[in-house]
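Read the structure below first, then the notes.
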Amino acid sequence: MLRSDTQADALTEINLDDLIDSAGLLWMRKTPLRHLLRPWARRFALTAQSFDVRVRQHGLSEGGAWLLAQMSAGLSTAGLEHLPAKGPVFILSNHPGMTDTVALFASLASRPDLRVIALDRPFLRALPHVARQLIFLPDNESGRGAVIRDAARHLRQGGALLTFPAGEIEPDPAVSGPEAALDALQAWSGSYGLLTRLVPETRVVPAVVSHVISPGATQHPLTLLRSNAHDKAKLAAALQVALPRYRDQTARVAFGPALNADGLDQKALCAAVTARISQLIQALNPDDQMPECLPEASG
């Protein structure tokens, strides 16, 4: 385990590189100008370090609730009754920004057995207590068999699993609008169907997170550095982490009715998941209310 000061230094450097990358300013990496961003990178590094300590002391959900309180104005949830209290469950969520992950952690307090399939990133590796709750997904295909084995073992043991099928940041439905969020579903990977075939008793729960990106962050002058919508969203998420004035959103998490994966082939399962995620997105009211409750559905 890294010593406290060494860990903070490592997190600062990784966070600094991520911030520079998000802004598209890679040329700054090896210049003295990178130090202009160090105070913001250091501040979040210390916050992340405290988050890791709280995960060790209290678990992923309580740690996530603490970090969410530092990074947002609060949390609202809907559909918690759809989460099975026990048994294998696979939660599939959209990924509109960095705060969405801890909003889900905080929402899933009823499942202390939660593990998360996450992209293998240096920042996460530098948080040892958080990393123990993660199943790292490597960039190369060769290491993905081990991910499937670890995830399937966890489900067979009756555990809860969370993943983000988009594999990258998506539009926040409350900021970019429902159409952009619905379009992003076309890029979701259907590989979760492999795990449900291996553990057919798994229940699949769709989730939609919204109100995690501040509209102010999307309009920051620095976003003009990025030319496409995806890069602008990534930079807005990074600015929200770096600048406290953009932490004014109450994150919202809505869960839909669970699907029985048993008996559904991968194509049918993906279609059913997409339909339920679409319902949750479309149920977001334009007057900024939580989604209406979806009816229970068979299957």
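Residue numbering restarts at 1 in every chain; chains get A, B, ... in the order shown in the structure tokens, and ligands count up from 1 in that same order.
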
Review point. If you count only C-alpha atoms, which residues fall within 7 Å of A:Gly79, apart from same-chain ones fewer than 3 positions away, as an MDAnalysis selection string?
Key: chainID A and resid 82 254:256 293

I need the residues from that last selection saved to file as a compact mmCIF listing (two decimals), in the first residue's frame (with N, CA and C atoms), if you can.
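So the final result, stored in out.txt, reads:
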# COMPACT_ATOMS: atom_id res chain seq x y z
N HIS A 82 -37.09 -1.97 -6.98
CA HIS A 82 -36.80 -2.92 -8.05
C HIS A 82 -35.50 -3.70 -7.82
N ALA A 254 -32.41 6.53 -11.13
CA ALA A 254 -33.69 5.82 -11.25
C ALA A 254 -33.43 4.40 -11.70
N PHE A 255 -34.02 3.44 -10.99
CA PHE A 255 -33.92 2.02 -11.34
C PHE A 255 -35.25 1.56 -11.94
N GLY A 256 -35.14 0.72 -12.96
CA GLY A 256 -36.33 0.15 -13.57
C GLY A 256 -36.58 -1.26 -13.10
N CYS A 293 -42.64 6.47 -11.73
CA CYS A 293 -42.38 5.04 -11.51
C CYS A 293 -42.84 4.25 -12.71

Practice item. Have a look at A:Ala217, A:Ala237, A:Ala73, A:Leu259 and name the one nearest to A:Thr196; count only C-alpha atoms. Key: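 Among A:Ala217, A:Ala237, A:Ala73, A:Leu259, it is A:Leu259 that comes nearest to A:Thr196.
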
Review point. So which residues touch stretch 137-145 of chain A within 7 Å, counting only C-alpha atoms, skipping near sequence neighbours fewer than 5 positions away, as a ChimeraX atom specification?
Key: /A:117-120

Next, the residues of the selection above should be written as a PDB file, in the first residue's frame with N, CA and C atoms.
ATOM      1  N   ILE A 117     -17.507  -3.581 -12.586  1.00  0.00           N
ATOM      2  CA  ILE A 117     -16.620  -3.771 -13.737  1.00  0.00           C
ATOM      3  C   ILE A 117     -16.232  -2.387 -14.236  1.00  0.00           C
ATOM      4  N   ALA A 118     -14.954  -2.071 -14.186  1.00  0.00           N
ATOM      5  CA  ALA A 118     -14.484  -0.723 -14.517  1.00  0.00           C
ATOM      6  C   ALA A 118     -13.274  -0.794 -15.430  1.00  0.00           C
ATOM      7  N   LEU A 119     -13.149   0.189 -16.302  1.00  0.00           N
ATOM      8  CA  LEU A 119     -11.962   0.273 -17.145  1.00  0.00           C
ATOM      9  C   LEU A 119     -10.725   0.406 -16.269  1.00  0.00           C
ATOM     10  N   ASP A 120      -9.676  -0.241 -16.669  1.00  0.00           N
ATOM     11  CA  ASP A 120      -8.427  -0.238 -15.895  1.00  0.00           C
ATOM     12  C   ASP A 120      -7.722   1.096 -16.101  1.00  0.00           C
TER      13      ASP A 120
END

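We find atom CA of A:Arg38 and atom CA of A:Leu16 to be spaced 6.4 Å apart.
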
Close residues, A:Arg42 itself excluded, 12 Å, only C-alpha atoms, min 5 positions apart in chain, as a PDB file with C-alpha atoms, in the first residue's frame:
ATOM      1  CA  ASP A   5       1.970  11.387   1.123  1.00  0.00           C
ATOM      2  CA  GLN A   7      -0.343   8.208  -2.619  1.00  0.00           C
ATOM      3  CA  ALA A   8      -1.427  11.859  -2.678  1.00  0.00           C
ATOM      4  CA  ASP A   9       1.510  12.743  -4.935  1.00  0.00           C
ATOM      5  CA  ALA A  10       0.704   9.870  -7.305  1.00  0.00           C
ATOM      6  CA  LEU A  11      -2.996  10.805  -7.437  1.00  0.00           C
ATOM      7  CA  THR A  12      -2.090  14.440  -8.097  1.00  0.00           C
ATOM      8  CA  GLU A  13       0.103  13.565 -11.077  1.00  0.00           C
ATOM      9  CA  ILE A  14      -2.464  11.164 -12.539  1.00  0.00           C
ATOM     10  CA  ASN A  15      -5.272  13.679 -12.037  1.00  0.00           C
ATOM     11  CA  LEU A  16      -3.155  16.398 -13.625  1.00  0.00           C
ATOM     12  CA  ASP A  17      -2.523  14.254 -16.700  1.00  0.00           C
ATOM     13  CA  LEU A  19      -7.196  17.088 -16.728  1.00  0.00           C
ATOM     14  CA  HIS A  35       2.012  23.346 -12.882  1.00  0.00           C
ATOM     15  CA  LEU A  36      -0.675  26.002 -13.408  1.00  0.00           C
ATOM     16  CA  LEU A  37      -3.269  23.239 -13.044  1.00  0.00           C
ATOM     17  CA  THR A  47     -10.497  14.309  -1.689  1.00  0.00           C
ATOM     18  CA  ALA A  48     -10.086  11.004  -3.520  1.00  0.00           C
ATOM     19  CA  GLN A  49      -7.602   9.831  -0.899  1.00  0.00           C
ATOM     20  CA  VAL A 241     -14.310  17.798 -10.468  1.00  0.00           C
ATOM     21  CA  ALA A 242     -11.750  20.615 -10.480  1.00  0.00           C
ATOM     22  CA  LEU A 243     -13.984  23.634  -9.773  1.00  0.00           C
TER      23      LEU A 243
END

**Study point:** Members of stretch 11-251 of chain A assigned strand (DSSP E) by DSSP, as a PyMOL selection string
**Key:** chain A and resi 74-78+89-93+115-119+134-137+160-163+203-210+250-251

How close does stretch 160-225 of chain A get to stretch 268-284 of chain A? List, as CSV, each residue of stretch 160-225 of chain A within 9 Å, its nearest atom pair and the distance in Å to one decimal, counting only C-alpha atoms.
residue,atom,partner,partner_atom,distance
A:Pro173,CA,A:Ile281,CA,6.9
A:Ala174,CA,A:Leu284,CA,7.8
A:Pro178,CA,A:Ile281,CA,6.1
A:Glu179,CA,A:Gln282,CA,8.7
A:Ala181,CA,A:Ile281,CA,7.4
A:Leu182,CA,A:Ser278,CA,6.3
A:Leu185,CA,A:Thr274,CA,7.0
A:Gln186,CA,A:Thr274,CA,8.7
A:Trp188,CA,A:Thr274,CA,8.9
A:Ser189,CA,A:Cys270,CA,8.9
A:Gly190,CA,A:Cys270,CA,6.1
A:Tyr192,CA,A:Cys270,CA,8.5
A:Gly193,CA,A:Leu269,CA,6.8
A:Val204,CA,A:Val273,CA,8.1
A:Val205,CA,A:Val273,CA,8.3
A:Pro206,CA,A:Ile277,CA,5.9
A:Ala207,CA,A:Ile277,CA,6.8
A:Val208,CA,A:Leu280,CA,6.5
A:Ser210,CA,A:Leu284,CA,8.9

Exercise for review: Within 12 Å of A:Ser61, counting only C-alpha atoms, which residues show up once you throw out same-chain ones fewer than 5 positions away? Write them as number ranges by chain, please.
Suggested key: A: 51-52, 54-56, 66-68, 101-115, 130, 133

Residue subset to file, keeping N, CA and C atoms, as a PDB file, in the first residue's frame:
ATOM      1  N   PHE A  51     -11.734   9.617   0.303  1.00  0.00           N
ATOM      2  CA  PHE A  51     -12.763   8.687  -0.151  1.00  0.00           C
ATOM      3  C   PHE A  51     -12.282   7.247   0.000  1.00  0.00           C
ATOM      4  N   ASP A  52     -11.059   6.985  -0.395  1.00  0.00           N
ATOM      5  CA  ASP A  52     -10.512   5.639  -0.303  1.00  0.00           C
ATOM      6  C   ASP A  52     -10.443   5.168   1.146  1.00  0.00           C
ATOM      7  N   ARG A  54     -12.409   6.144   3.559  1.00  0.00           N
ATOM      8  CA  ARG A  54     -13.785   5.888   4.007  1.00  0.00           C
ATOM      9  C   ARG A  54     -14.327   4.576   3.444  1.00  0.00           C
ATOM     10  N   VAL A  55     -13.918   4.224   2.248  1.00  0.00           N
ATOM     11  CA  VAL A  55     -14.319   2.921   1.703  1.00  0.00           C
ATOM     12  C   VAL A  55     -13.740   1.803   2.557  1.00  0.00           C
ATOM     13  N   ARG A  56     -12.499   1.955   2.986  1.00  0.00           N
ATOM     14  CA  ARG A  56     -11.891   0.946   3.869  1.00  0.00           C
ATOM     15  C   ARG A  56     -12.647   0.859   5.190  1.00  0.00           C
ATOM     16  N   TRP A  66     -20.288   9.824   0.916  1.00  0.00           N
ATOM     17  CA  TRP A  66     -19.428  10.924   1.393  1.00  0.00           C
ATOM     18  C   TRP A  66     -18.843  11.703   0.217  1.00  0.00           C
ATOM     19  N   LEU A  67     -18.302  10.994  -0.778  1.00  0.00           N
ATOM     20  CA  LEU A  67     -17.695  11.681  -1.919  1.00  0.00           C
ATOM     21  C   LEU A  67     -18.752  12.450  -2.708  1.00  0.00           C
ATOM     22  N   LEU A  68     -19.933  11.872  -2.852  1.00  0.00           N
ATOM     23  CA  LEU A  68     -20.999  12.567  -3.572  1.00  0.00           C
ATOM     24  C   LEU A  68     -21.346  13.881  -2.882  1.00  0.00           C
ATOM     25  N   THR A 101     -20.951   7.585 -10.947  1.00  0.00           N
ATOM     26  CA  THR A 101     -20.486   6.339 -10.339  1.00  0.00           C
ATOM     27  C   THR A 101     -20.719   6.340  -8.836  1.00  0.00           C
ATOM     28  N   VAL A 102     -20.313   7.412  -8.158  1.00  0.00           N
ATOM     29  CA  VAL A 102     -20.492   7.443  -6.708  1.00  0.00           C
ATOM     30  C   VAL A 102     -21.963   7.623  -6.343  1.00  0.00           C
ATOM     31  N   ALA A 103     -22.760   8.240  -7.229  1.00  0.00           N
ATOM     32  CA  ALA A 103     -24.206   8.319  -6.990  1.00  0.00           C
ATOM     33  C   ALA A 103     -24.803   6.913  -6.969  1.00  0.00           C
ATOM     34  N   LEU A 104     -24.348   6.058  -7.856  1.00  0.00           N
ATOM     35  CA  LEU A 104     -24.806   4.670  -7.864  1.00  0.00           C
ATOM     36  C   LEU A 104     -24.319   3.923  -6.625  1.00  0.00           C
ATOM     37  N   PHE A 105     -23.059   4.128  -6.242  1.00  0.00           N
ATOM     38  CA  PHE A 105     -22.552   3.486  -5.027  1.00  0.00           C
ATOM     39  C   PHE A 105     -23.454   3.832  -3.842  1.00  0.00           C
ATOM     40  N   ALA A 106     -23.759   5.130  -3.700  1.00  0.00           N
ATOM     41  CA  ALA A 106     -24.576   5.578  -2.576  1.00  0.00           C
ATOM     42  C   ALA A 106     -25.991   5.011  -2.648  1.00  0.00           C
ATOM     43  N   SER A 107     -26.516   4.848  -3.864  1.00  0.00           N
ATOM     44  CA  SER A 107     -27.879   4.343  -4.048  1.00  0.00           C
ATOM     45  C   SER A 107     -27.995   2.853  -3.742  1.00  0.00           C
ATOM     46  N   LEU A 108     -26.883   2.134  -3.851  1.00  0.00           N
ATOM     47  CA  LEU A 108     -26.909   0.680  -3.741  1.00  0.00           C
ATOM     48  C   LEU A 108     -26.491   0.194  -2.348  1.00  0.00           C
ATOM     49  N   ALA A 109     -26.883   0.951  -1.336  1.00  0.00           N
ATOM     50  CA  ALA A 109     -26.526   0.582   0.039  1.00  0.00           C
ATOM     51  C   ALA A 109     -27.101  -0.768   0.441  1.00  0.00           C
ATOM     52  N   SER A 110     -28.208  -1.165  -0.181  1.00  0.00           N
ATOM     53  CA  SER A 110     -28.829  -2.455   0.166  1.00  0.00           C
ATOM     54  C   SER A 110     -28.017  -3.645  -0.324  1.00  0.00           C
ATOM     55  N   ARG A 111     -27.001  -3.386  -1.150  1.00  0.00           N
ATOM     56  CA  ARG A 111     -26.162  -4.469  -1.658  1.00  0.00           C
ATOM     57  C   ARG A 111     -24.697  -4.205  -1.321  1.00  0.00           C
ATOM     58  N   PRO A 112     -24.309  -4.489  -0.054  1.00  0.00           N
ATOM     59  CA  PRO A 112     -22.912  -4.285   0.335  1.00  0.00           C
ATOM     60  C   PRO A 112     -21.952  -5.225  -0.378  1.00  0.00           C
ATOM     61  N   ASP A 113     -22.503  -6.233  -1.103  1.00  0.00           N
ATOM     62  CA  ASP A 113     -21.668  -7.157  -1.868  1.00  0.00           C
ATOM     63  C   ASP A 113     -21.370  -6.635  -3.268  1.00  0.00           C
ATOM     64  N   LEU A 114     -21.653  -5.354  -3.512  1.00  0.00           N
ATOM     65  CA  LEU A 114     -21.477  -4.783  -4.850  1.00  0.00           C
ATOM     66  C   LEU A 114     -20.019  -4.810  -5.305  1.00  0.00           C
ATOM     67  N   ARG A 115     -19.833  -5.280  -6.535  1.00  0.00           N
ATOM     68  CA  ARG A 115     -18.565  -5.113  -7.226  1.00  0.00           C
ATOM     69  C   ARG A 115     -18.838  -4.442  -8.571  1.00  0.00           C
ATOM     70  N   VAL A 130     -10.705   1.088  -2.825  1.00  0.00           N
ATOM     71  CA  VAL A 130     -11.716   1.106  -3.881  1.00  0.00           C
ATOM     72  C   VAL A 130     -11.413   0.006  -4.895  1.00  0.00           C
ATOM     73  N   GLN A 133     -12.841  -3.464  -4.737  1.00  0.00           N
ATOM     74  CA  GLN A 133     -14.250  -3.664  -5.081  1.00  0.00           C
ATOM     75  C   GLN A 133     -14.481  -3.683  -6.590  1.00  0.00           C
TER      76      GLN A 133
END

Check your understanding: So, counting only C-alpha atoms, which residue among A:Asn94, A:Thr99, A:Ile135, A:Ala160 is closest to A:Ala69?
Key ->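 For A:Ala69, the nearest of the candidates is A:Thr99.
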
Check your understanding: Which residue out of A:Val53, A:Leu222, A:Ala146, A:Ala251 has the minimum interatomic distance to A:Lys234 when only C-alpha atoms are used?
Key ->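 Under the stated criterion, the closest residue is A:Leu222.
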
Practice item. Kindly give the distance, in Å, that separates atom CA of A:Val199 and atom CA of A:Leu155, rounded to a single decimal. Key: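 Those two atoms sit 6.8 Å apart.
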